[in-house]
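Have a look at the structure below before the remarks.
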Amino acid sequence: MDGAPKGGERATLGTPIGAMLAELNDRQRQAVLHEGGPLLIVAGAGTGKTATLAHRVAYKIATGADPGRILLLTFTRRAAGEMLRRVDGILRRLETETRRPVPGAAVGASADKRLSDAPATDRAASGKVWGGTFHATATRLLRLHGRTIGLDPSFTILDRGDAEDLMGVLRTELGLSKNDRRFPLKGTCMDIYSRCVNARETVEETVENHFPWCRGEIEDLRRLFSAYVDHKGEQSVLDYDDLLLFWHGLLTDSRAARSVHARFDLVLVDEYQDTNRLQAEILQMLCPGGVNLTAVGDDAQAIYSFRAATVRNILDFPQQLPDTTVVTLERNYRSTQPILDATNEVMAGASERHAKDLWTERREGDKPRLTPCEDENEQTEFIIRTVLDHREAGLALRRQAVLFRASHHSLALELELARRNIPFRKYGGLRFVETAHVKDLMAFLRLAENPRDLMAGTRVLMLLPGVGPKKARALMDRLGAAPARFAAWSDCPAPSAASAEAWNGLVSLMADIASRDPGDLASQIKRIRLFYTPLLQRLYDNARARVMDLEQLEWLAARFPDRARFLAEIALDPPAYTEDLAGPPLLDEDFLILSTMHSAKGLEWDVVFVIHAADGNIPSDMATGRLEEIEEERRLFYVALTRAKDWLYVCYPVRYYSRPRSFSDAHGYAQLTRFVSDRALRLFDLQPASATLGSNGPSAPTPGDTAGQGDGVTTEDIRRRLKDLF
DNA sequence: CTACCGGAACTTTTT
DNA sequence: GTTCCGGTAG
């Protein structure tokens, strides 16, 4: 299948670039070398998608493209980092193989110069390529160009929790909470709102299709959403959806659009199957006609429709952009044939399927193993035992991963790993930054950065004894009236007798860290921490552990250039709760990976365990309403299974002592997930956990290892258009 | 207006 | 077990 590069290529074998291209198969090479019109790479699981994308970027740079004019949109910052690391690796290899300029290697003088003269640091693509999520990229662009559409570039970002809280405040303010009928909770309101924005649907459409039980509340939802939009505008805060919406807005303003277009020669989008309509529109405006646009994805791995992603984006791409070249990657480099056979069979059960024939040359390997366990304890025991066995055989912990549907599914396992001093790192689920004390501390910083940020301000003020929502709101109004100077607070009397001392401390603290010269970020956090610690002790138990978290936050902050960047990055890509903050990683550090199936997207491990693979968990009984939802759960299960390279274990406890739904000691019997059909079952090696645990005896404990100058589009226009949806 | 208590409803995945 | 809401005491 792999032959010499096709004719017409400017790079030839025998040159470093030719050698680089020879590492790829025909289809991959075609994708890397493609020029001009829109390119869609349909890449099945494990078909070298990341390698192809990285080679394409590296090839473009090596043949003269300016890395600073390439935009690489990925699903997470982690994915962007990984991709750029590989680009750097490829470029470095090209460089060392190129002692002198390569005559045959195509390209103009700039590439030769790049490969021979430029200093090494200058060549690191990762520092120059625009890489990151849609949201992070939107933030950067809006800071640079927001003024054109009348957006104050010093906006702060509301994370999901803050946005929900604001929605909650307005919900109460509009009198929607005390109603004879039950008005949807703030989280549900936020879900509805968010879907409207991201799917570009009206409230009616969204409620009808996705929240039919809220049909009676459409009028009130409209009022609520309108108020929500207004409040964000007044406070100069943007939520996640606004970041995309205003980026979209930038591109509808001809002047702003020109500046944004002028920045990029090449746009690449990873995980395209998980983009939503708003994102697709942004891309089409960014690359009119799809010229110089590369999208990569796999419809069989679409797992984010709950976030308004639509698989139609990838399926309709060739119709929407008629010049599209479609390259399909079907050769799997990741998994062994027995694993592929099983995963293909799971996917074969899908009601709507776009056929892809994944094949591999890795014929040999163990059948995936299906392990029913007596109960959760046995499952935990089986996982730990098998992980350690693999490690004995030479596989580091970090090459093994345990995957599950919901974050809390790993709780028992986490406890046991901790008890035995087996290091692990967990991705997905509750984050460090979502804990109350961390949010408190961040609120001080956010308030200093943007004194109009109501949610941040209220949060800070309510820490004081005797201050509740009303007094906090009054003080925030005062701050907003004075041109956002904390001096406005200094002539206020203490809001309550109990808070006299704390009030003075707060006023001077805020004046200090919001001043022109507040000192470096770590020292700001330190001052906040000193002020906040006594309040924390009054409000929460576990004060000692919480204060230590804050010290870690201080340490983490030292890596960020300034407060605004720190706040934005924490909001857009918060560190995982467990280990990201545990100090500088040691080179030989080894840890087992625990991850939600969602967070496992795009990654691979030698050994993969899928736990709690019982009906009710996967598919989650939260998602068994409509066929579409069940099919998405199937794809999610498929994503989990296809992460495995050599060994795949699927486990489920037969007996649950307490089913998720309360009524404490009600126990139940679980059944294997419906996604493993009878046909699929034959492709697994069925072996109860007792077969492993019985034979080896208990394992020994392991040692721990400028405003408004465009052609009239403003934030107001965008908000108005948005409101037309309501 | 805040602080606190009891009953009721809800409980996934994430930028 | 958690968060949310309404009632009541200070």
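Every chain in the structure tokens takes a letter, A first, then B, and so on in the order presented; its residues are numbered from 1, and the ligands are numbered from 1 following the presented order.
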
Practice item. Name all residues at most 12 Å from B:DA9 (count only C-alpha atoms (C1' of nucleotides); drop same-chain ones fewer than 3 positions away) and give them as JSON, numbers by chain. Key: {"A": [182, 184, 185, 662], "C": [2, 3, 4, 5]}

Exercise for review: Would you list, as an NGL selection string, the residues of stretch 35-176 of chain A that end up in strand (DSSP E or B) under DSSP run on this structure's backbone?
Suggested key: :A and (39-43 or 70-73 or 130-132 or 156-158)

Limited to N, CA and C atoms, could you put the picked residues into a file as a short mmCIF file (atom, residue, chain, number, x, y, z; two decimals), in the first residue's frame?
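Resulting contents of selection_24.cif:
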```
data_model
loop_
_atom_site.label_atom_id
_atom_site.label_comp_id
_atom_site.auth_asym_id
_atom_site.auth_seq_id
_atom_site.Cartn_x
_atom_site.Cartn_y
_atom_site.Cartn_z
N LEU A 39 -10.07 20.63 2.86
CA LEU A 39 -9.64 19.25 3.02
C LEU A 39 -10.36 18.66 4.23
N LEU A 40 -11.01 17.53 4.02
CA LEU A 40 -11.62 16.82 5.14
C LEU A 40 -10.92 15.49 5.30
N ILE A 41 -10.35 15.28 6.46
CA ILE A 41 -9.71 14.00 6.74
C ILE A 41 -10.64 13.22 7.66
N VAL A 42 -11.21 12.14 7.14
CA VAL A 42 -12.04 11.29 7.97
C VAL A 42 -11.13 10.20 8.52
N ALA A 43 -10.88 10.27 9.80
CA ALA A 43 -9.85 9.43 10.39
C ALA A 43 -10.44 8.52 11.44
N ILE A 70 -0.36 30.08 11.29
CA ILE A 70 -1.10 28.82 11.25
C ILE A 70 -1.97 28.75 12.50
N LEU A 71 -3.23 28.39 12.32
CA LEU A 71 -4.14 28.24 13.44
C LEU A 71 -4.54 26.78 13.57
N LEU A 72 -4.27 26.21 14.73
CA LEU A 72 -4.55 24.79 14.96
C LEU A 72 -5.55 24.68 16.10
N LEU A 73 -6.79 24.37 15.75
CA LEU A 73 -7.84 24.32 16.77
C LEU A 73 -8.02 22.89 17.25
N TRP A 130 -0.58 29.30 16.37
CA TRP A 130 -1.74 29.56 17.22
C TRP A 130 -2.41 28.22 17.49
N GLY A 131 -2.15 27.67 18.66
CA GLY A 131 -2.74 26.37 18.95
C GLY A 131 -3.59 26.45 20.20
N GLY A 132 -4.72 25.80 20.20
CA GLY A 132 -5.54 25.78 21.39
C GLY A 132 -6.99 25.51 21.06
N THR A 156 -13.57 39.84 31.82
CA THR A 156 -13.21 38.60 32.52
C THR A 156 -14.19 37.51 32.08
N ILE A 157 -13.81 36.28 32.34
CA ILE A 157 -14.57 35.14 31.84
C ILE A 157 -15.33 34.45 32.97
N LEU A 158 -16.60 34.23 32.75
CA LEU A 158 -17.41 33.47 33.70
C LEU A 158 -17.26 32.00 33.39
#
```

Exercise for review: For B:DA3, please output as a ChimeraX atom specification all residues within 10 Å (counting only C-alpha atoms (C1' of nucleotides); exclusion window: fewer than 4 positions along the same chain).
Suggested key: /A:465-466,468 /C:9-10

For the residues in that selection, give me N, CA and C atoms (P, O5', C5', C4', C3', O3' and C1' of nucleotides) as a compact mmCIF listing (two decimals), in the first residue's frame.
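What ended up in selection25.txt:
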```txt
# COMPACT_ATOMS: atom_id res chain seq x y z
N PRO A 465 -18.84 38.30 57.80
CA PRO A 465 -19.97 37.97 58.66
C PRO A 465 -21.01 39.09 58.62
N GLY A 466 -22.25 38.72 58.56
CA GLY A 466 -23.32 39.71 58.55
C GLY A 466 -23.60 40.30 57.19
N GLY A 468 -25.05 39.44 53.49
CA GLY A 468 -25.77 38.48 52.65
C GLY A 468 -25.96 39.06 51.27
P DA C 9 -40.03 31.89 65.58
O5' DA C 9 -38.63 32.21 66.30
C5' DA C 9 -37.61 31.21 66.37
C4' DA C 9 -36.25 31.90 66.41
C3' DA C 9 -36.18 33.11 67.35
O3' DA C 9 -34.96 33.05 68.07
C1' DA C 9 -35.53 33.76 65.18
P DG C 10 -34.68 33.96 69.31
O5' DG C 10 -33.69 35.06 68.73
C5' DG C 10 -32.34 34.69 68.43
C4' DG C 10 -31.73 35.80 67.62
C3' DG C 10 -31.66 37.15 68.32
O3' DG C 10 -30.30 37.56 68.39
C1' DG C 10 -32.46 37.38 66.11
```

Point to revise | Which of stretch 25-224 of chain A DSSP labels alpha helix (DSSP H), written as an MDAnalysis selection string | key: chainID A and resid 26:33 49:62 77:97 109:116 120:123 134:145 160:173 186:199 203:210 218:224

Review point. Could you list, as a VMD selection string, every residue of chain B that has an atom within 10 Å of an atom of chain A, counting only C-alpha atoms (C1' of nucleotides)?
Key: chain B and resid 1 to 3 10 to 15

The selected residues should be written to file as a PDB file, in the first residue's frame (atoms: N, CA and C atoms (P, O5', C5', C4', C3', O3' and C1' of nucleotides)).
```pdb
ATOM      1  P    DC B   1     -33.256  44.964  52.392  1.00  0.00           P
ATOM      2  O5'  DC B   1     -32.630  43.998  53.507  1.00  0.00           O
ATOM      3  C5'  DC B   1     -31.493  44.475  54.185  1.00  0.00           C
ATOM      4  C4'  DC B   1     -30.915  43.372  55.008  1.00  0.00           C
ATOM      5  C3'  DC B   1     -30.638  42.075  54.241  1.00  0.00           C
ATOM      6  O3'  DC B   1     -29.259  41.828  54.286  1.00  0.00           O
ATOM      7  C1'  DC B   1     -31.668  41.664  56.343  1.00  0.00           C
ATOM      8  P    DT B   2     -28.551  40.639  53.638  1.00  0.00           P
ATOM      9  O5'  DT B   2     -28.197  39.725  54.892  1.00  0.00           O
ATOM     10  C5'  DT B   2     -27.458  40.293  55.968  1.00  0.00           C
ATOM     11  C4'  DT B   2     -27.342  39.285  57.086  1.00  0.00           C
ATOM     12  C3'  DT B   2     -26.793  37.923  56.676  1.00  0.00           C
ATOM     13  O3'  DT B   2     -25.847  37.534  57.657  1.00  0.00           O
ATOM     14  C1'  DT B   2     -28.879  37.652  57.755  1.00  0.00           C
ATOM     15  P    DA B   3     -24.997  36.247  57.535  1.00  0.00           P
ATOM     16  O5'  DA B   3     -25.804  35.245  58.473  1.00  0.00           O
ATOM     17  C5'  DA B   3     -25.924  35.531  59.865  1.00  0.00           C
ATOM     18  C4'  DA B   3     -26.570  34.343  60.551  1.00  0.00           C
ATOM     19  C3'  DA B   3     -26.028  32.978  60.095  1.00  0.00           C
ATOM     20  O3'  DA B   3     -25.896  32.144  61.228  1.00  0.00           O
ATOM     21  C1'  DA B   3     -28.353  33.083  59.708  1.00  0.00           C
ATOM     22  P    DC B  10     -37.001  17.037  40.836  1.00  0.00           P
ATOM     23  O5'  DC B  10     -35.439  16.742  40.731  1.00  0.00           O
ATOM     24  C5'  DC B  10     -34.543  17.840  40.820  1.00  0.00           C
ATOM     25  C4'  DC B  10     -33.149  17.326  41.095  1.00  0.00           C
ATOM     26  C3'  DC B  10     -32.715  16.181  40.175  1.00  0.00           C
ATOM     27  O3'  DC B  10     -31.496  16.518  39.554  1.00  0.00           O
ATOM     28  C1'  DC B  10     -32.218  15.692  42.421  1.00  0.00           C
ATOM     29  P    DT B  11     -31.103  15.729  38.229  1.00  0.00           P
ATOM     30  O5'  DT B  11     -29.589  15.322  38.416  1.00  0.00           O
ATOM     31  C5'  DT B  11     -28.769  15.922  39.404  1.00  0.00           C
ATOM     32  C4'  DT B  11     -27.834  14.881  39.977  1.00  0.00           C
ATOM     33  C3'  DT B  11     -27.575  13.664  39.062  1.00  0.00           C
ATOM     34  O3'  DT B  11     -26.183  13.438  38.921  1.00  0.00           O
ATOM     35  C1'  DT B  11     -28.114  12.959  41.232  1.00  0.00           C
ATOM     36  P    DT B  12     -25.240  14.266  38.044  1.00  0.00           P
ATOM     37  O5'  DT B  12     -24.352  13.025  37.609  1.00  0.00           O
ATOM     38  C5'  DT B  12     -24.721  12.148  36.585  1.00  0.00           C
ATOM     39  C4'  DT B  12     -23.450  11.846  35.817  1.00  0.00           C
ATOM     40  C3'  DT B  12     -22.500  13.031  35.663  1.00  0.00           C
ATOM     41  O3'  DT B  12     -21.185  12.534  35.511  1.00  0.00           O
ATOM     42  C1'  DT B  12     -23.508  12.540  33.584  1.00  0.00           C
ATOM     43  P    DT B  13     -19.937  13.484  35.589  1.00  0.00           P
ATOM     44  O5'  DT B  13     -19.619  13.707  34.056  1.00  0.00           O
ATOM     45  C5'  DT B  13     -18.957  12.687  33.330  1.00  0.00           C
ATOM     46  C4'  DT B  13     -18.950  13.034  31.873  1.00  0.00           C
ATOM     47  C3'  DT B  13     -18.456  14.449  31.574  1.00  0.00           C
ATOM     48  O3'  DT B  13     -17.081  14.392  31.283  1.00  0.00           O
ATOM     49  C1'  DT B  13     -20.356  13.805  30.241  1.00  0.00           C
ATOM     50  P    DT B  14     -16.114  15.441  32.024  1.00  0.00           P
ATOM     51  O5'  DT B  14     -16.137  16.671  31.011  1.00  0.00           O
ATOM     52  C5'  DT B  14     -15.691  16.533  29.680  1.00  0.00           C
ATOM     53  C4'  DT B  14     -15.740  17.906  29.029  1.00  0.00           C
ATOM     54  C3'  DT B  14     -14.962  18.979  29.787  1.00  0.00           C
ATOM     55  O3'  DT B  14     -14.315  19.817  28.853  1.00  0.00           O
ATOM     56  C1'  DT B  14     -17.220  19.631  29.631  1.00  0.00           C
ATOM     57  P    DT B  15     -13.025  20.646  29.308  1.00  0.00           P
ATOM     58  O5'  DT B  15     -13.079  21.918  28.335  1.00  0.00           O
ATOM     59  C5'  DT B  15     -12.986  21.749  26.948  1.00  0.00           C
ATOM     60  C4'  DT B  15     -13.488  23.008  26.265  1.00  0.00           C
ATOM     61  C3'  DT B  15     -12.866  24.305  26.809  1.00  0.00           C
ATOM     62  O3'  DT B  15     -12.475  25.118  25.709  1.00  0.00           O
ATOM     63  C1'  DT B  15     -15.221  24.435  26.865  1.00  0.00           C
TER      64       DT B  15
END
```

Residues at most 6 Å from stretch 641-652 of chain A, counting only C-alpha atoms (C1' of nucleotides), excluding those fewer than 4 positions away in the same chain, as an mmCIF file with N, CA and C atoms, in the first residue's frame?
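Output file out.cif follows:
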```
data_model
loop_
_atom_site.group_PDB
_atom_site.id
_atom_site.type_symbol
_atom_site.label_atom_id
_atom_site.label_comp_id
_atom_site.auth_asym_id
_atom_site.auth_seq_id
_atom_site.Cartn_x
_atom_site.Cartn_y
_atom_site.Cartn_z
ATOM 1 N N ARG A 334 -2.942 1.438 15.937
ATOM 2 C CA ARG A 334 -2.939 1.412 17.390
ATOM 3 C C ARG A 334 -3.156 0.015 17.950
ATOM 4 N N SER A 335 -4.271 -0.588 17.565
ATOM 5 C CA SER A 335 -4.722 -1.775 18.271
ATOM 6 C C SER A 335 -4.395 -3.060 17.524
ATOM 7 N N PRO A 368 -9.680 -9.302 23.710
ATOM 8 C CA PRO A 368 -10.062 -8.459 24.850
ATOM 9 C C PRO A 368 -10.762 -9.322 25.886
ATOM 10 N N ARG A 369 -10.634 -8.947 27.141
ATOM 11 C CA ARG A 369 -11.180 -9.790 28.187
ATOM 12 C C ARG A 369 -12.399 -9.143 28.820
ATOM 13 N N LEU A 370 -13.425 -9.951 28.988
ATOM 14 C CA LEU A 370 -14.639 -9.475 29.646
ATOM 15 C C LEU A 370 -14.706 -10.101 31.024
ATOM 16 N N THR A 371 -14.754 -9.256 32.043
ATOM 17 C CA THR A 371 -14.657 -9.761 33.407
ATOM 18 C C THR A 371 -15.819 -9.319 34.279
ATOM 19 N N PRO A 372 -16.803 -10.196 34.460
ATOM 20 C CA PRO A 372 -17.841 -9.893 35.443
ATOM 21 C C PRO A 372 -17.238 -10.021 36.834
ATOM 22 N N CYS A 373 -17.602 -9.111 37.734
ATOM 23 C CA CYS A 373 -17.079 -9.182 39.094
ATOM 24 C C CYS A 373 -18.248 -9.339 40.045
ATOM 25 N N GLU A 604 -4.325 7.292 23.959
ATOM 26 C CA GLU A 604 -4.184 5.849 23.815
ATOM 27 C C GLU A 604 -3.255 5.321 24.892
ATOM 28 N N TRP A 605 -3.485 4.071 25.272
ATOM 29 C CA TRP A 605 -2.624 3.420 26.266
ATOM 30 C C TRP A 605 -2.411 1.962 25.880
ATOM 31 N N ASP A 606 -1.337 1.383 26.345
ATOM 32 C CA ASP A 606 -1.073 -0.029 26.056
ATOM 33 C C ASP A 606 -2.155 -0.900 26.671
ATOM 34 N N VAL A 607 -2.534 -0.562 27.907
ATOM 35 C CA VAL A 607 -3.543 -1.352 28.614
ATOM 36 C C VAL A 607 -4.704 -0.435 28.967
ATOM 37 N N VAL A 608 -5.897 -0.866 28.631
ATOM 38 C CA VAL A 608 -7.077 -0.074 28.977
ATOM 39 C C VAL A 608 -8.081 -0.944 29.732
ATOM 40 N N PHE A 609 -8.561 -0.415 30.862
ATOM 41 C CA PHE A 609 -9.631 -1.046 31.617
ATOM 42 C C PHE A 609 -10.870 -0.176 31.479
ATOM 43 N N VAL A 610 -11.978 -0.792 31.129
ATOM 44 C CA VAL A 610 -13.244 -0.061 31.150
ATOM 45 C C VAL A 610 -14.043 -0.636 32.305
ATOM 46 N N ILE A 611 -14.340 0.186 33.305
ATOM 47 C CA ILE A 611 -15.025 -0.346 34.488
ATOM 48 C C ILE A 611 -16.480 0.101 34.535
ATOM 49 N N HIS A 612 -17.257 -0.584 35.329
ATOM 50 C CA HIS A 612 -18.686 -0.304 35.451
ATOM 51 C C HIS A 612 -19.379 -0.345 34.097
ATOM 52 N N ALA A 613 -19.008 -1.355 33.292
ATOM 53 C CA ALA A 613 -19.597 -1.476 31.959
ATOM 54 C C ALA A 613 -20.950 -2.177 32.020
ATOM 55 N N ALA A 614 -21.813 -1.670 32.886
ATOM 56 C CA ALA A 614 -23.134 -2.262 33.062
ATOM 57 C C ALA A 614 -24.196 -1.322 32.515
#
```

Review point. How many Å lie between atom CA of A:Ala393 and atom CA of A:Val654, rounded to one decimal?
Key: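 About the pair atom CA of A:Ala393 and atom CA of A:Val654: they are 29.3 Å apart.
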
Exercise for review: Write out as a PyMOL selection string which residues come within 10 Å of B:DC5 when counting only C-alpha atoms (C1' of nucleotides), dropping same-chain ones fewer than 2 positions away.
Suggested key: (chain B and resi 3+7) or (chain C and resi 7-8)

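Each of A:Arg312, A:Arg93, A:Lys178, A:His55 was checked against chain C using only C-alpha atoms (C1' of nucleotides); the smallest atom-to-atom distance is that of A:Lys178.
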
Review point. Which value, in Å to one decimal, gives the distance between atom CA of A:Ala488 and atom CA of A:Met510?
Key: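 Taking atom CA of A:Ala488 as the start and atom CA of A:Met510 as the end point, the length is 11.2 Å.
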
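The coordinates place atom CA of A:Glu364 at 21.7 Å from atom CA of A:Ala396.
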